[in-house]
Every structure is written in C-alpha cells, then in structure tokens.
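All remarks here apply to the structure that follows.
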Amino acid sequence: MRAHLLNNTTAEHYRSTVSAGVERVAATLAATERPFSGVGVDELSPVVDAIDLDRPLGDAAAALDELGEVYLRDAVYFHHPRYLGHLNCPVVIPAVLGEAVLSAINSSLDTWDQSVGGTLIERRLIDWTTERIGLGPAADGIFTSGGTQSNLQALLLAREEAKIRPEHFTRLRIFTSECSHFSVQKSAKLLGLGPDAVVSVPVDRNKRMQTVALAHALEQCVAEGAVPMAVVATAGTTDFGSIDPLPEIAALCEQFATWMHVDAAYGCGLLASRERRGLLEGIEHADSVTVDYHKSFFQPVSSSAVLVRDRATLRHATYHAEYLNPRRMAEERIPNQVDKSLQTTRRFDALKLWMTLRVMGADGIGELFDEVCDLAAEGWKLLAADPRFDVVVQPQLSTLVFRYIPAGVTSPDEIDRANLHARKALFASGEAIVAGTKVGDRQYLKFTLLNPETTEHDIATVLDLISGHAEKYLGDSLDRAS
C-alpha cells in the first residue's frame, strides 16, 4: 500500500497516474456537446449504490473507467456555453494548474511551520485585493471557503465590535436588502441573534436597496432601543446582479455608527475591470468586504476571502493553542494565518489566484468579466424586443431574469406552471441549463452569464427551446382539459 503514498520514491507513479487522469478529463471536455447528459436521479442512484466500496479495484485505470460511468459522463459542465444556470464559472487553466500543485504539496495554511511560502503568497494576495478595493493601509483579511463563510466572519466581527453583552444580543439588528443572499439570515442564527435580527430593506425597480427606506429603518431601530449592528450592502445580488448604492449606504453607516459590510461575492470581478470599476464606487468605505474569486475571477471552487478595513478587528477570531499557535509566536511576529481564520486546517486556495495573476494578469480577468457583462446587455435587448418574454430589469452585471408569457394565456398560475415545466424539461433534455427564481409570487427564469464563450446565438437558441417546451406543456394541458 505504500506504493500509493506520494513521495520521492513514487514520483514517476504520481506523474503517470495524474497524467492519465488529465488525459481522461481532457478527452471528456473535448467530446462534450451538451452541458448535461440528462440523466435522472432514479437512473443514476442504483449505479452508484451498487458499487462495493470495500472491494477496491486496485488500479487507477479501472477506477477512471468506473468514474466515467458514475461521474464524468453525467457531470454538469460549467464550461459549456449553454450552461446558463447558477453562479458557476468556467475556470482558467492557470488556476487549474495551481489546483494540481496545491493538492499534491498539500500545504495547510494555518501555521507558518506548515506553509512557509504559502503564507506569504496568501498575505500578498490579500494585500493586493484590499488595495484594489481601497480599504487603506490598516486593511487585512483571510481566504475562506466561500461567500457564506466570509459573510459569517464579517458579521461575527461586527457583532463583537458592537460591544453588546451576550444576554443582550436580541437587541442587535442587521439591515440588508430583500434581494440579498440568504447567508445573512443564516449568519444571524449562527451568531445567536434574535429571530428579528435581520431587517429586510425594500428595493427599487432596479432591485437596489432603497436608501430612504434604510434611513427610516435605522432611525426606527434606534428609537426602539435596539442596536444597529451592521448594514449588509450587496454588490451583485444572486438573482439580479444588482449593486446597492454604496456611497449613500456608507454615509448612513457613518451617521449611525454602524458596521458596513459589502457582499461582493459576485461583483468582485469589477475590481479587475477597466471598463466597469466605477460600479463599485463607495466600496472603499466598507468595514468588511466579501469576495468570491470562484465566481467572477474564473477560479475553481473554493476560493473566497473576507477583507477588513482594520486588521485589529480580526482579533475576534483569534484563539491560541500551545500545540499550534502559542501566544509567544505572535509576540515573535511569526505569521500564523489561523490567528485570523474561522478554520484551522485550510487549503492553499490562494495559489490558484496567484498563478492566474502571474500568467494572465488582472486585466485578463477583467476582460473576461467585461465580456459576460457585455453579453448580458445584448441578451437584455433580445428579451426586451421579444414579445414572448417579460424581462425584469436591465442588468448591471451578467444576470437576466425573465418570464415566458404565452399568447392567449391569461392565468398567472398557468404561466407559472409553464415556466417551471420549461426549466425542468430543458434540464432533462441536457441541451441547456437555466436557473429559476421568484419575483413577487410569480415564477421566473434566470440566465447567469459567466462564460465568455457563450454567444448571442446561444441565448437566442435557448430562448427558443424554452418557448418550445412551454408551448408543448400548454398544448398538452389543453388536450388534457378537453
């Protein structure tokens, strides 16, 4: 069994085995004609369940053959231009190279003595990101597993900075738009706040937080004797890609002495854009910022970070253990990243972004993100001119939310069912993948455009497919009714 351990004596075995895996994935990618095979859970589950994990195949080639049957053949391929579903991006090759290196070396980014070079690379990337945001010379941060963890840590810091005793946590309030990410509510629960802790602020017609409503909510909070712990502004909502008015929100946070957190998990790609960086004006006033490089920086999952204006606030996540990071290490200025992190053992995910910047540069990333934003603008024109569809809002980023409106059908419930069916049927066909959401009480469809290879022709084709599935459903419904 020692022959399977990666070390100096098995380097050639490592090379040949990983090369075989790379060849298999490359061949699969080259032959992929649809984003999904269309396999159903009832079809695939028995195949996976039938595998006896206590009887190893003993051979990597055989395991790869089996993997082709249970995973590679039926995986959802985000690189395909007709994957238009969730906030999943195709990944850039330099980042995949970084992933291969970090997995093999397997550094753990918790202490200096486990990740000497990795610690410095991660810290340099944190500095690079805070400089792009404009947080100032005292800024710092840490890589995380994703936006949910980043938001949780930011709100933990906000809770501690509010200086409220635990028995009074029910007085704390978090203000965020009705279109913000659900992780805000989840974080409030995990942080032990009351059931009324998260105050939902209405949005305008462009799905941006209404600052007049926010000001009123903050005033009411203070008048009731509650404490405005934080305002979470969103720079790129999951459903609409909308960016809240950051300068106005910053002014209100200053007025009410409230922590300002910006969830830029989606919109962080604008930090690398030469054309649209201005859309993030005001983010430099934030006390904390979430970025997801694995969304708009085209990085493999996971790659996220939480950044703070004042590095001293990260002390709220600091614990010292004699066996890991004793307090004397901080006094000796030994840089242990665990001192800032909610995680202990942590992957060297920063290496992927490092390799990307060293090969492509920030402008290269920004150009890719600008391409998908440009595509969304053209897609909006297509939808706005097509009488079959109702499109909700002109995009700021790369998301389009729309609804199929069949001619001659007036029942909103029937239209809902037609849209739901169209999405389900399209997924089952494997020809394209789109997402869905609700606007008000009604069912809508969503294109999340993060692939620069997607074209206007792809969008038009998928719209025709949606229309066809919906029309067939409505026709079948009429047949059944008669």
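For the structure tokens, the naming scheme is as follows: chains receive sequential letters (A, B, ...) according to their order of presentation, residues are indexed from 1 within each chain, and ligands are indexed from 1 in presentation order.
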
Practice task
Assign secondary structure with DSSP using the backbone only, and return the residues of range 131-285 of chain A in helix (DSSP H, G or I) as a ChimeraX atom specification.
Solution key: /A:131-133,147-161,166-171,183-190,211-223,246-255,267-272,277-280,283-285

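Within 10 Å of Asp292 in chain A, once only C-alpha atoms are used and residues closer than 3 positions along the same chain are dropped, the contacting residues are A:Phe143, A:Thr144, A:Ser145, A:Gly146, A:Gly147, A:Thr148, A:Ser150, A:Asp263, A:Ala264, A:Ala265, A:Tyr266, A:Gly267, A:Cys268, A:Gly269, A:Lys295, A:Ser296, A:Phe297, A:Phe298, A:Gln299, A:Val301, A:Ser302, A:Ser303, A:Ser304, A:Ala305, A:Val306.
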
Using only N, CA and C atoms, please write the residues we just selected to a file, as a PDB file, in the first residue's frame.
```
ATOM      1  N   PHE A 143      -8.349  34.165   3.401  1.00  0.00           N
ATOM      2  CA  PHE A 143      -9.085  33.347   2.448  1.00  0.00           C
ATOM      3  C   PHE A 143     -10.066  32.437   3.195  1.00  0.00           C
ATOM      4  N   THR A 144     -11.206  32.184   2.575  1.00  0.00           N
ATOM      5  CA  THR A 144     -12.256  31.367   3.181  1.00  0.00           C
ATOM      6  C   THR A 144     -12.757  30.343   2.164  1.00  0.00           C
ATOM      7  N   SER A 145     -13.712  29.543   2.603  1.00  0.00           N
ATOM      8  CA  SER A 145     -14.266  28.510   1.727  1.00  0.00           C
ATOM      9  C   SER A 145     -15.281  29.051   0.742  1.00  0.00           C
ATOM     10  N   GLY A 146     -15.843  30.232   1.007  1.00  0.00           N
ATOM     11  CA  GLY A 146     -16.858  30.777   0.109  1.00  0.00           C
ATOM     12  C   GLY A 146     -17.551  31.968   0.731  1.00  0.00           C
ATOM     13  N   GLY A 147     -18.486  32.533  -0.012  1.00  0.00           N
ATOM     14  CA  GLY A 147     -19.169  33.745   0.422  1.00  0.00           C
ATOM     15  C   GLY A 147     -19.934  33.592   1.719  1.00  0.00           C
ATOM     16  N   THR A 148     -20.523  32.417   1.947  1.00  0.00           N
ATOM     17  CA  THR A 148     -21.278  32.210   3.180  1.00  0.00           C
ATOM     18  C   THR A 148     -20.362  32.313   4.392  1.00  0.00           C
ATOM     19  N   SER A 150     -17.429  33.826   4.463  1.00  0.00           N
ATOM     20  CA  SER A 150     -16.924  35.200   4.515  1.00  0.00           C
ATOM     21  C   SER A 150     -17.944  36.124   5.175  1.00  0.00           C
ATOM     22  N   ASP A 263     -21.207  42.642   0.561  1.00  0.00           N
ATOM     23  CA  ASP A 263     -21.138  41.295  -0.019  1.00  0.00           C
ATOM     24  C   ASP A 263     -20.929  41.452  -1.517  1.00  0.00           C
ATOM     25  N   ALA A 264     -19.654  41.378  -1.919  1.00  0.00           N
ATOM     26  CA  ALA A 264     -19.290  41.494  -3.336  1.00  0.00           C
ATOM     27  C   ALA A 264     -18.860  40.144  -3.883  1.00  0.00           C
ATOM     28  N   ALA A 265     -19.482  39.081  -3.382  1.00  0.00           N
ATOM     29  CA  ALA A 265     -19.128  37.730  -3.835  1.00  0.00           C
ATOM     30  C   ALA A 265     -19.227  37.618  -5.351  1.00  0.00           C
ATOM     31  N   TYR A 266     -20.265  38.203  -5.923  1.00  0.00           N
ATOM     32  CA  TYR A 266     -20.485  38.164  -7.370  1.00  0.00           C
ATOM     33  C   TYR A 266     -19.784  39.327  -8.050  1.00  0.00           C
ATOM     34  N   GLY A 267     -19.966  40.521  -7.556  1.00  0.00           N
ATOM     35  CA  GLY A 267     -19.478  41.714  -8.250  1.00  0.00           C
ATOM     36  C   GLY A 267     -18.004  41.981  -8.097  1.00  0.00           C
ATOM     37  N   CYS A 268     -17.275  41.132  -7.370  1.00  0.00           N
ATOM     38  CA  CYS A 268     -15.847  41.401  -7.148  1.00  0.00           C
ATOM     39  C   CYS A 268     -15.040  41.400  -8.435  1.00  0.00           C
ATOM     40  N   GLY A 269     -15.541  40.760  -9.493  1.00  0.00           N
ATOM     41  CA  GLY A 269     -14.840  40.786 -10.769  1.00  0.00           C
ATOM     42  C   GLY A 269     -14.637  42.192 -11.303  1.00  0.00           C
ATOM     43  N   LYS A 295     -16.252  32.962  -8.462  1.00  0.00           N
ATOM     44  CA  LYS A 295     -17.367  33.399  -9.297  1.00  0.00           C
ATOM     45  C   LYS A 295     -16.833  34.226 -10.474  1.00  0.00           C
ATOM     46  N   SER A 296     -16.503  35.470 -10.215  1.00  0.00           N
ATOM     47  CA  SER A 296     -16.170  36.359 -11.332  1.00  0.00           C
ATOM     48  C   SER A 296     -14.680  36.546 -11.566  1.00  0.00           C
ATOM     49  N   PHE A 297     -13.832  35.751 -10.886  1.00  0.00           N
ATOM     50  CA  PHE A 297     -12.410  35.713 -11.219  1.00  0.00           C
ATOM     51  C   PHE A 297     -12.050  34.408 -11.927  1.00  0.00           C
ATOM     52  N   PHE A 298     -13.060  33.577 -12.228  1.00  0.00           N
ATOM     53  CA  PHE A 298     -12.901  32.363 -13.027  1.00  0.00           C
ATOM     54  C   PHE A 298     -11.953  31.354 -12.362  1.00  0.00           C
ATOM     55  N   GLN A 299     -12.096  31.221 -11.038  1.00  0.00           N
ATOM     56  CA  GLN A 299     -11.285  30.304 -10.261  1.00  0.00           C
ATOM     57  C   GLN A 299     -12.067  29.037  -9.912  1.00  0.00           C
ATOM     58  N   VAL A 301     -13.646  26.235  -7.487  1.00  0.00           N
ATOM     59  CA  VAL A 301     -14.114  26.216  -6.107  1.00  0.00           C
ATOM     60  C   VAL A 301     -13.098  25.423  -5.272  1.00  0.00           C
ATOM     61  N   SER A 302     -12.731  25.867  -4.081  1.00  0.00           N
ATOM     62  CA  SER A 302     -13.217  27.081  -3.465  1.00  0.00           C
ATOM     63  C   SER A 302     -12.116  28.138  -3.457  1.00  0.00           C
ATOM     64  N   SER A 303     -12.557  29.395  -3.521  1.00  0.00           N
ATOM     65  CA  SER A 303     -11.618  30.497  -3.500  1.00  0.00           C
ATOM     66  C   SER A 303     -12.383  31.778  -3.167  1.00  0.00           C
ATOM     67  N   SER A 304     -12.347  32.144  -1.907  1.00  0.00           N
ATOM     68  CA  SER A 304     -13.073  33.318  -1.438  1.00  0.00           C
ATOM     69  C   SER A 304     -12.221  34.017  -0.397  1.00  0.00           C
ATOM     70  N   ALA A 305     -12.608  35.205  -0.011  1.00  0.00           N
ATOM     71  CA  ALA A 305     -11.882  35.910   1.048  1.00  0.00           C
ATOM     72  C   ALA A 305     -12.811  36.909   1.727  1.00  0.00           C
ATOM     73  N   VAL A 306     -12.520  37.175   2.986  1.00  0.00           N
ATOM     74  CA  VAL A 306     -13.153  38.282   3.697  1.00  0.00           C
ATOM     75  C   VAL A 306     -12.057  39.296   3.997  1.00  0.00           C
TER      76      VAL A 306
END
```

Handout entry: Spatial neighbours of Leu246 in chain A, 12 Å, only C-alpha atoms, chain gap at least 4 places, as an NGL selection string
Key = :A and (208-211 or 231-236 or 242 or 250-253 or 260-264 or 278-286 or 289)

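Straight-line separation from CA of Val184 in chain A to CA of Asn419 in chain A: 28.8 Å.
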
Exercise for the section: Find the residues near range 213-217 of chain A: any atom within 9 Å, counting only C-alpha atoms, skip ones fewer than 5 places away on the same chain, and give them as a PyMOL selection string. Expected result: chain A and resi 175-177+199+201-203+222+231+249+252

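Nearest-residue note for Arg276 in chain A: choosing from A:Cys373, A:Val392, A:Ala31, A:Val409, the minimum distance belongs to A:Cys373, counting only C-alpha atoms.
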
Taking only residues of range 390-449 of chain A that have an atom at most 9 Å from an atom of range 85-99 of chain A, what is each one's shortest atom pair and its distance in Å to one decimal, using only C-alpha atoms, in chain and number order, as a Markdown table?
```
| residue | atom | partner | partner_atom | distance |
| --- | --- | --- | --- | --- |
| A:Ala432 | CA | A:Gly85 | CA | 8.7 |
| A:Ile433 | CA | A:Gly85 | CA | 5.4 |
| A:Val434 | CA | A:Gly85 | CA | 4.1 |
| A:Ala435 | CA | A:Gly85 | CA | 4.4 |
| A:Gly436 | CA | A:Gly85 | CA | 8.1 |
| A:Lys446 | CA | A:Gly85 | CA | 7.1 |
| A:Phe447 | CA | A:Gly85 | CA | 6.0 |
| A:Thr448 | CA | A:Gly85 | CA | 5.5 |
| A:Leu449 | CA | A:Gly85 | CA | 7.9 |
```

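Distance check against Asp310 in chain A using only C-alpha atoms: of A:Ala158, A:Glu167, A:Gly379, A:Leu190, the minimum falls on A:Ala158.
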
Problem - Distance query Arg315 in chain A at most 12 Å, only C-alpha atoms, self and fewer than 5 positions along chain excluded, as a ChimeraX atom specification - result: /A:140-141,153,156-158,160-161,308,310,320,330,337-342

Output file for the residues above (all heavy atoms, as a compact mmCIF listing (two decimals), in the first residue's frame):
```txt
# COMPACT_ATOMS: atom_id res chain seq x y z
N ASP A 140 -6.66 44.15 6.10
CA ASP A 140 -6.16 42.78 6.15
C ASP A 140 -7.33 41.87 5.76
O ASP A 140 -8.40 42.33 5.38
CB ASP A 140 -5.63 42.45 7.54
CG ASP A 140 -4.66 41.27 7.55
OD1 ASP A 140 -4.49 40.62 6.49
OD2 ASP A 140 -4.09 41.00 8.62
N GLY A 141 -7.11 40.57 5.86
CA GLY A 141 -8.17 39.62 5.53
C GLY A 141 -7.64 38.21 5.55
O GLY A 141 -6.49 37.95 5.93
N GLN A 153 -18.06 35.43 8.98
CA GLN A 153 -16.96 36.00 9.74
C GLN A 153 -17.09 37.52 9.83
O GLN A 153 -16.84 38.11 10.90
CB GLN A 153 -15.61 35.63 9.12
CG GLN A 153 -14.43 36.18 9.92
CD GLN A 153 -13.12 35.48 9.63
OE1 GLN A 153 -13.08 34.47 8.94
NE2 GLN A 153 -12.03 35.99 10.16
N LEU A 156 -19.62 38.26 12.42
CA LEU A 156 -19.06 37.97 13.75
C LEU A 156 -18.25 39.16 14.24
O LEU A 156 -18.39 39.60 15.39
CB LEU A 156 -18.18 36.72 13.68
CG LEU A 156 -17.28 36.46 14.90
CD1 LEU A 156 -18.11 36.15 16.14
CD2 LEU A 156 -16.28 35.36 14.62
N LEU A 157 -17.40 39.70 13.37
CA LEU A 157 -16.60 40.85 13.75
C LEU A 157 -17.49 42.05 14.08
O LEU A 157 -17.24 42.78 15.06
CB LEU A 157 -15.62 41.22 12.63
CG LEU A 157 -14.67 40.12 12.15
CD1 LEU A 157 -13.72 40.68 11.09
CD2 LEU A 157 -13.90 39.49 13.29
N ALA A 158 -18.54 42.23 13.27
CA ALA A 158 -19.47 43.34 13.52
C ALA A 158 -20.16 43.18 14.86
O ALA A 158 -20.35 44.15 15.61
CB ALA A 158 -20.49 43.41 12.38
N GLU A 160 -19.04 41.60 17.52
CA GLU A 160 -18.10 41.86 18.61
C GLU A 160 -17.76 43.34 18.72
O GLU A 160 -17.60 43.87 19.83
CB GLU A 160 -16.83 41.04 18.39
CG GLU A 160 -17.05 39.53 18.45
CD GLU A 160 -17.67 39.09 19.76
OE1 GLU A 160 -16.98 39.16 20.79
OE2 GLU A 160 -18.87 38.71 19.76
N GLU A 161 -17.67 44.03 17.59
CA GLU A 161 -17.38 45.46 17.62
C GLU A 161 -18.54 46.27 18.18
O GLU A 161 -18.35 47.41 18.63
CB GLU A 161 -17.01 45.94 16.21
CG GLU A 161 -15.62 45.51 15.75
CD GLU A 161 -14.51 46.13 16.56
OE1 GLU A 161 -14.40 47.38 16.59
OE2 GLU A 161 -13.74 45.38 17.19
N VAL A 308 -11.00 43.21 5.67
CA VAL A 308 -11.43 44.18 6.66
C VAL A 308 -10.60 45.46 6.56
O VAL A 308 -9.43 45.43 6.19
CB VAL A 308 -11.34 43.62 8.10
CG1 VAL A 308 -12.29 42.46 8.28
CG2 VAL A 308 -9.91 43.19 8.44
N ASP A 310 -9.81 47.39 9.15
CA ASP A 310 -8.90 47.50 10.30
C ASP A 310 -8.50 46.09 10.72
O ASP A 310 -9.31 45.33 11.25
CB ASP A 310 -9.63 48.22 11.45
CG ASP A 310 -8.75 48.39 12.68
OD1 ASP A 310 -7.58 47.95 12.65
OD2 ASP A 310 -9.24 48.95 13.67
N HIS A 320 -5.50 31.03 20.82
CA HIS A 320 -4.15 30.48 20.87
C HIS A 320 -4.16 29.11 21.53
O HIS A 320 -4.79 28.92 22.57
CB HIS A 320 -3.21 31.42 21.63
CG HIS A 320 -2.98 32.73 20.94
ND1 HIS A 320 -2.14 32.85 19.85
CD2 HIS A 320 -3.49 33.96 21.17
CE1 HIS A 320 -2.13 34.11 19.44
NE2 HIS A 320 -2.94 34.80 20.22
N ALA A 330 2.97 35.13 18.27
CA ALA A 330 2.53 36.46 17.86
C ALA A 330 3.52 37.51 18.35
O ALA A 330 3.83 38.48 17.64
CB ALA A 330 1.13 36.74 18.40
N GLN A 337 -1.58 32.16 9.99
CA GLN A 337 -2.85 32.58 9.40
C GLN A 337 -4.06 32.12 10.22
O GLN A 337 -5.13 32.71 10.13
CB GLN A 337 -2.96 32.07 7.97
CG GLN A 337 -1.96 32.69 6.99
CD GLN A 337 -2.22 34.16 6.74
OE1 GLN A 337 -1.84 35.01 7.56
NE2 GLN A 337 -2.88 34.47 5.65
N VAL A 338 -3.90 31.07 11.01
CA VAL A 338 -5.01 30.61 11.84
C VAL A 338 -5.43 31.69 12.83
O VAL A 338 -6.57 31.67 13.32
CB VAL A 338 -4.63 29.29 12.57
CG1 VAL A 338 -3.62 29.55 13.68
CG2 VAL A 338 -5.87 28.60 13.12
N ASP A 339 -4.55 32.62 13.12
CA ASP A 339 -4.88 33.71 14.04
C ASP A 339 -6.01 34.59 13.51
O ASP A 339 -6.62 35.34 14.28
CB ASP A 339 -3.65 34.58 14.31
CG ASP A 339 -2.55 33.84 15.05
OD1 ASP A 339 -2.79 32.71 15.50
OD2 ASP A 339 -1.44 34.40 15.16
N LYS A 340 -6.27 34.51 12.21
CA LYS A 340 -7.30 35.36 11.59
C LYS A 340 -8.52 34.58 11.12
O LYS A 340 -9.50 35.18 10.67
CB LYS A 340 -6.73 36.08 10.37
CG LYS A 340 -5.41 36.78 10.55
CD LYS A 340 -4.94 37.30 9.19
CE LYS A 340 -3.52 37.82 9.26
NZ LYS A 340 -3.06 38.28 7.92
N SER A 341 -8.44 33.27 11.14
CA SER A 341 -9.41 32.44 10.40
C SER A 341 -10.39 31.71 11.31
O SER A 341 -10.04 31.36 12.45
CB SER A 341 -8.64 31.42 9.55
OG SER A 341 -9.53 30.56 8.88
N LEU A 342 -11.58 31.45 10.81
CA LEU A 342 -12.52 30.59 11.50
C LEU A 342 -12.14 29.12 11.34
O LEU A 342 -12.55 28.28 12.13
CB LEU A 342 -13.94 30.79 10.96
CG LEU A 342 -14.55 32.19 11.10
CD1 LEU A 342 -16.00 32.17 10.62
CD2 LEU A 342 -14.47 32.70 12.53
```

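Of the residues listed (A:Pro166, A:Thr237, A:Leu351, A:Asn325), A:Leu351 shows the shortest atom-to-atom separation from Arg124 in chain A; distances use only C-alpha atoms.
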
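Of the listed residues A:Tyr319, A:Asn336, A:Lys381, A:Thr130, the one whose atoms come nearest to Gln114 in chain A is A:Asn336, with distances taken using only C-alpha atoms.
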
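Excluding Leu324 in chain A itself and same-chain residues fewer than 6 positions from it, the residues having an atom within 10 Å of it are Asp110, Thr111, Trp112, Asp113, Asn336, Val338 and Thr344 of chain A, counting only C-alpha atoms.
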
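Among the candidate residues A:Lys352, A:Lys186, A:Arg132, A:Arg173, the one lying nearest to Trp259 in chain A is A:Arg173, with distances computed using only C-alpha atoms.
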
Exercise for the section: Find the spatial neighbours of Gln396 in chain A, counting only C-alpha atoms, within a cut-off of 7 Å - ignore same-chain residues fewer than 2 positions away - and output them as a PyMOL selection string. Expected result: chain A and resi 241-242+394+398

Exercise for the section: From a DSSP pass on the backbone, collect the residues of range 97-334 of chain A flagged as strand (DSSP E or B) and hand them back as a ChimeraX atom specification. Expected result: /A:140-144,172-177,198-201,203,209,227-235,243,259-264,288-292,304-308

Residues just named, written with N, CA and C atoms as a tab-separated table (two decimals), in the first residue's frame:
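Result file again-v4.tsv:
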```
chain	number	residue	atom	x	y	z
A	140	ASP	N	-6.66	44.15	6.10
A	140	ASP	CA	-6.16	42.78	6.15
A	140	ASP	C	-7.33	41.87	5.76
A	141	GLY	N	-7.11	40.57	5.86
A	141	GLY	CA	-8.17	39.62	5.53
A	141	GLY	C	-7.64	38.21	5.55
A	142	ILE	N	-8.49	37.29	5.11
A	142	ILE	CA	-8.14	35.87	5.11
A	142	ILE	C	-8.95	35.17	4.03
A	143	PHE	N	-8.35	34.17	3.40
A	143	PHE	CA	-9.08	33.35	2.45
A	143	PHE	C	-10.07	32.44	3.19
A	144	THR	N	-11.21	32.18	2.57
A	144	THR	CA	-12.26	31.37	3.18
A	144	THR	C	-12.76	30.34	2.16
A	172	LEU	N	-29.63	43.36	18.89
A	172	LEU	CA	-28.83	43.66	17.70
A	172	LEU	C	-29.65	43.49	16.42
A	173	ARG	N	-29.40	44.39	15.46
A	173	ARG	CA	-30.12	44.34	14.19
A	173	ARG	C	-29.12	44.41	13.02
A	174	ILE	N	-29.42	43.63	11.99
A	174	ILE	CA	-28.66	43.64	10.74
A	174	ILE	C	-29.62	44.09	9.64
A	175	PHE	N	-29.22	45.07	8.85
A	175	PHE	CA	-30.07	45.61	7.79
A	175	PHE	C	-29.50	45.18	6.44
A	176	THR	N	-30.36	44.62	5.60
A	176	THR	CA	-29.91	44.17	4.29
A	176	THR	C	-31.09	44.19	3.33
A	177	SER	N	-30.82	44.25	2.05
A	177	SER	CA	-31.91	44.37	1.09
A	177	SER	C	-32.69	43.07	0.97
A	198	VAL	N	-32.56	40.25	11.55
A	198	VAL	CA	-32.33	40.72	10.18
A	198	VAL	C	-33.53	41.53	9.71
A	199	VAL	N	-33.28	42.77	9.38
A	199	VAL	CA	-34.32	43.67	8.89
A	199	VAL	C	-34.20	43.75	7.37
A	200	SER	N	-35.25	43.35	6.68
A	200	SER	CA	-35.25	43.36	5.22
A	200	SER	C	-35.65	44.74	4.71
A	201	VAL	N	-34.76	45.34	3.92
A	201	VAL	CA	-34.99	46.69	3.41
A	201	VAL	C	-35.51	46.58	1.98
A	203	VAL	N	-36.38	47.20	-2.01
A	203	VAL	CA	-35.53	47.58	-3.14
A	203	VAL	C	-36.33	48.43	-4.12
A	209	MET	N	-31.09	48.38	-3.04
A	209	MET	CA	-31.62	48.80	-1.75
A	209	MET	C	-32.06	50.26	-1.77
A	227	VAL	N	-30.09	48.03	18.66
A	227	VAL	CA	-28.74	48.46	18.26
A	227	VAL	C	-28.50	48.09	16.80
A	228	PRO	N	-28.25	49.08	15.93
A	228	PRO	CA	-27.94	48.77	14.52
A	228	PRO	C	-26.52	48.21	14.41
A	229	MET	N	-26.41	46.89	14.42
A	229	MET	CA	-25.11	46.22	14.44
A	229	MET	C	-24.39	46.35	13.11
A	230	ALA	N	-25.11	46.15	12.00
A	230	ALA	CA	-24.46	46.16	10.68
A	230	ALA	C	-25.47	46.42	9.59
A	231	VAL	N	-24.97	46.99	8.51
A	231	VAL	CA	-25.70	47.06	7.24
A	231	VAL	C	-24.93	46.21	6.25
A	232	VAL	N	-25.62	45.27	5.62
A	232	VAL	CA	-25.01	44.45	4.58
A	232	VAL	C	-25.49	44.96	3.23
A	233	ALA	N	-24.60	45.61	2.51
A	233	ALA	CA	-24.90	46.04	1.15
A	233	ALA	C	-24.43	44.94	0.19
A	234	THR	N	-25.12	44.80	-0.92
A	234	THR	CA	-24.77	43.76	-1.88
A	234	THR	C	-24.26	44.38	-3.17
A	235	ALA	N	-23.10	43.92	-3.60
A	235	ALA	CA	-22.54	44.35	-4.88
A	235	ALA	C	-22.62	43.16	-5.83
A	243	ILE	N	-26.44	46.14	-7.85
A	243	ILE	CA	-25.45	46.69	-6.93
A	243	ILE	C	-26.11	47.79	-6.12
A	259	TRP	N	-21.53	49.21	11.47
A	259	TRP	CA	-20.59	48.45	10.63
A	259	TRP	C	-21.16	48.30	9.23
A	260	MET	N	-20.35	48.61	8.22
A	260	MET	CA	-20.77	48.44	6.83
A	260	MET	C	-20.05	47.24	6.22
A	261	HIS	N	-20.83	46.24	5.86
A	261	HIS	CA	-20.28	45.08	5.16
A	261	HIS	C	-20.79	45.07	3.74
A	262	VAL	N	-19.93	44.83	2.79
A	262	VAL	CA	-20.33	44.72	1.38
A	262	VAL	C	-20.12	43.28	0.92
A	263	ASP	N	-21.21	42.64	0.56
A	263	ASP	CA	-21.14	41.29	-0.02
A	263	ASP	C	-20.93	41.45	-1.52
A	264	ALA	N	-19.65	41.38	-1.92
A	264	ALA	CA	-19.29	41.49	-3.34
A	264	ALA	C	-18.86	40.14	-3.88
A	288	SER	N	-15.92	45.82	6.06
A	288	SER	CA	-15.56	44.47	5.63
A	288	SER	C	-16.16	44.21	4.27
A	289	VAL	N	-15.51	43.32	3.52
A	289	VAL	CA	-15.96	43.00	2.16
A	289	VAL	C	-15.79	41.51	1.93
A	290	THR	N	-16.79	40.91	1.31
A	290	THR	CA	-16.70	39.52	0.85
A	290	THR	C	-16.40	39.51	-0.64
A	291	VAL	N	-15.43	38.69	-1.05
A	291	VAL	CA	-15.17	38.47	-2.48
A	291	VAL	C	-15.14	36.97	-2.73
A	292	ASP	N	-15.70	36.56	-3.84
A	292	ASP	CA	-15.64	35.16	-4.27
A	292	ASP	C	-14.87	35.11	-5.59
A	304	SER	N	-12.35	32.14	-1.91
A	304	SER	CA	-13.07	33.32	-1.44
A	304	SER	C	-12.22	34.02	-0.40
A	305	ALA	N	-12.61	35.21	-0.01
A	305	ALA	CA	-11.88	35.91	1.05
A	305	ALA	C	-12.81	36.91	1.73
A	306	VAL	N	-12.52	37.17	2.99
A	306	VAL	CA	-13.15	38.28	3.70
A	306	VAL	C	-12.06	39.30	4.00
A	307	LEU	N	-12.30	40.55	3.67
A	307	LEU	CA	-11.33	41.63	3.85
A	307	LEU	C	-11.88	42.61	4.86
A	308	VAL	N	-11.00	43.21	5.67
A	308	VAL	CA	-11.43	44.18	6.66
A	308	VAL	C	-10.60	45.46	6.56
```
